[in-house]
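Visitor: Sharing a structure here in structure tokens format.
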Amino acid sequence: MKPNIITYPHKLLRTKLDKVHNFNNPELNKIIQEMTRLMIKYDGIGLAGNQAGINKRIIVINNHGVTRAYINPQIKRKSFAKQKIEEGCISFPEIMGYVSRSKSIVLEYYDYRGQKYKIRARGLYATVFQHETDHINGILFTDKMKKFTQGENKFKKLQGQANDDEK
């Protein structure tokens with residue numbers, strides 16, 4: 001069975017995901033390919049493992065048509081300067097709002113072969129990396145949202161369902 005997009009209020013979205021330890025596992029490439037397929041299918045620019053029903057610290061990002069996987073990513077530095085950008089999320093269809101995030105970040109990650117890298121991202125891609133690394137830590141963009149621009153009533157209804165599921 002192929003992975004599918006997990007939507008809120010599914011509990012996996014609130015889960016801090018497990019690290020990838022075995023980079024020689026042939027399943028790793030299959031997972032990355034499936035996550036990439038889903039991200040493109042749903043017209044996203046980023047996707048985290050839990051959004052695809054996968055309990056692994058993997059994110060995929062589409063940067064100007066080039067998709068890359070970032071395994072066990074960690075934000076090492078964030079700028080003090082912030083930017084407020086309207087965000088949406090594949091796991092929250094028709095829900096959008098303003099989130100304040102650092103304008104630039106330094107990210108450390110591994111590629112699918114287990115090579116360690118460090119990169120700097122600014123602007124939109126700094127936001128995408130922050131959004132997706134929040135996901136793999138069980139943090140949702142709605143937790144940081146300053147103001148809804150779309151779907152506030154839908155979100156409140158889903159939130160009520162989440163609360164009912166916890167009872």
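The chains in the structure tokens are called A, B, ... from first to last as shown; in each chain the residues are counted from 1, and the ligands are counted from 1 in the order shown.
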Just the residues within 9 Å of A:Tyr117, please, counting only C-alpha atoms, with nothing from its chain fewer than 6 positions along; format it as a ChimeraX atom specification.
Guide: /A:107-111
Visitor: Write out, as a PDB file, in the first residue's frame, the residues just selected, with C-alpha atoms.
Guide:
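Result went into part-v2.pdb, see below:
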```
ATOM      1  CA  LEU A 107      20.185  23.569   8.739  1.00  0.00           C
ATOM      2  CA  GLU A 108      22.220  20.444   9.364  1.00  0.00           C
ATOM      3  CA  TYR A 109      21.021  17.207   7.731  1.00  0.00           C
ATOM      4  CA  TYR A 110      22.013  13.932   6.092  1.00  0.00           C
ATOM      5  CA  ASP A 111      21.369  12.892   2.517  1.00  0.00           C
TER       6      ASP A 111
END
```
Visitor: List every residue of stretch 9-68 of chain A that has an atom at most 9 Å from any atom of stretch 139-152 of chain A, giving for each one its closest atom pair and the distance in Å to one decimal, counting only C-alpha atoms, sorted by chain and then by ascending residue number, as a tab-separated table.
Guide:
```
residue	atom	partner	partner_atom	distance
A:Leu13	CA	A:Leu140	CA	7.6
A:Arg14	CA	A:Ile139	CA	6.3
A:Thr15	CA	A:Ile139	CA	8.2
A:Lys16	CA	A:Ile139	CA	8.3
```
Visitor: Write the residues you've just listed into a file as a PDB file, in the first residue's frame, and include C-alpha atoms for each of them.
Guide:
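New file again-v9.pdb:
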```pdb
ATOM      1  CA  LEU A  13       0.923  14.809  13.119  1.00  0.00           C
ATOM      2  CA  ARG A  14       1.572  15.454  16.834  1.00  0.00           C
ATOM      3  CA  THR A  15       4.301  12.787  17.050  1.00  0.00           C
ATOM      4  CA  LYS A  16       8.009  13.534  17.379  1.00  0.00           C
TER       5      LYS A  16
END
```
Visitor: Mind checking which residues fall within 9 Å of A:Glu94, counting only C-alpha atoms, ignoring those fewer than 2 positions away in the same chain, and posting them as a ChimeraX atom specification?
Guide: /A:88-90,92,96,150-151,154
Visitor: Just C-alpha atoms for this one: save the residues we selected as a PDB file, in the first residue's frame.
Guide:
```
ATOM      1  CA  GLY A  88      -0.781  26.613   4.309  1.00  0.00           C
ATOM      2  CA  CYS A  89      -0.221  22.896   4.730  1.00  0.00           C
ATOM      3  CA  ILE A  90      -1.071  19.764   2.764  1.00  0.00           C
ATOM      4  CA  PHE A  92      -4.666  21.165   6.595  1.00  0.00           C
ATOM      5  CA  MET A  96      -4.218  29.209   5.875  1.00  0.00           C
ATOM      6  CA  GLN A 150      -8.770  31.085   5.368  1.00  0.00           C
ATOM      7  CA  GLY A 151     -10.590  28.194   7.041  1.00  0.00           C
ATOM      8  CA  LYS A 154     -13.101  24.515   9.486  1.00  0.00           C
TER       9      LYS A 154
END
```
Visitor: Can you tell me, as an MDAnalysis selection string, which residues in stretch 41-72 of chain A count as helix (DSSP H, G or I) by DSSP?
Guide: chainID A and resid 41 49:52
Visitor: Okay, now the selection with N, CA and C atoms, as an mmCIF file, in the first residue's frame?
Guide:
```
data_model
loop_
_atom_site.group_PDB
_atom_site.id
_atom_site.type_symbol
_atom_site.label_atom_id
_atom_site.label_comp_id
_atom_site.auth_asym_id
_atom_site.auth_seq_id
_atom_site.Cartn_x
_atom_site.Cartn_y
_atom_site.Cartn_z
ATOM 1 N N LYS A 41 2.086 15.562 -6.150
ATOM 2 C CA LYS A 41 0.661 15.309 -6.420
ATOM 3 C C LYS A 41 -0.227 16.354 -5.759
ATOM 4 N N GLY A 49 7.787 13.429 7.005
ATOM 5 C CA GLY A 49 7.458 12.012 7.105
ATOM 6 C C GLY A 49 6.087 11.723 7.678
ATOM 7 N N ASN A 50 5.746 12.379 8.787
ATOM 8 C CA ASN A 50 4.448 12.078 9.414
ATOM 9 C C ASN A 50 3.265 12.474 8.529
ATOM 10 N N GLN A 51 3.441 13.437 7.648
ATOM 11 C CA GLN A 51 2.362 13.817 6.740
ATOM 12 C C GLN A 51 2.070 12.706 5.731
ATOM 13 N N ALA A 52 3.065 11.829 5.513
ATOM 14 C CA ALA A 52 2.900 10.693 4.600
ATOM 15 C C ALA A 52 2.674 9.393 5.377
#
```
Visitor: Apply DSSP to the backbone of this structure and, from chain A, keep only the residues in strand (DSSP E or B); write these as a ChimeraX atom specification.
Guide: /A:16,18,46-48,56,58-63,66-78,82-87,96-102,104-110,116-122,137,145-150
Visitor: Compile the contact shell of A:Leu28 as a ChimeraX atom specification: residues with an atom at most 12 Å away, counting only C-alpha atoms, same-chain residues fewer than 2 positions apart removed.
Guide: /A:20-26,30-35,49,54,56-58,69-71,111-114
Visitor: Using atom CA of A:Gly138 and atom CA of A:Lys11 as the two end points, give the distance in Å to one decimal.
Guide: 9.2 Å
Visitor: Can you pull out the residues contacting A:Ser104? Cut-off 12 Å, using only C-alpha atoms, and skip same-chain residues under 3 positions away; I want them as a CSV table (one decimal) with C-alpha atoms, in the first residue's frame.
Guide:
```
chain,number,residue,atom,x,y,z
A,75,ILE,CA,18.0,23.8,12.6
A,76,LYS,CA,21.2,24.9,14.2
A,77,ARG,CA,20.7,28.7,14.0
A,78,LYS,CA,17.9,31.1,13.4
A,79,SER,CA,18.1,34.7,12.6
A,80,PHE,CA,16.6,37.2,15.1
A,81,ALA,CA,15.0,39.0,12.2
A,82,LYS,CA,11.5,37.7,11.5
A,83,GLN,CA,9.2,37.6,8.5
A,101,ARG,CA,9.4,32.8,11.4
A,107,LEU,CA,20.2,23.6,8.7
A,119,ILE,CA,23.2,24.7,4.5
A,120,ARG,CA,21.9,28.2,4.9
A,121,ALA,CA,18.4,29.1,3.8
A,122,ARG,CA,16.7,32.5,3.5
A,123,GLY,CA,13.2,33.9,2.7
A,124,LEU,CA,10.6,31.4,1.6
A,125,TYR,CA,12.9,28.4,1.9
A,126,ALA,CA,13.8,29.3,5.5
A,127,THR,CA,10.1,29.3,6.2
A,128,VAL,CA,9.6,25.9,4.5
A,129,PHE,CA,12.4,24.3,6.4
A,130,GLN,CA,11.1,25.7,9.7
```
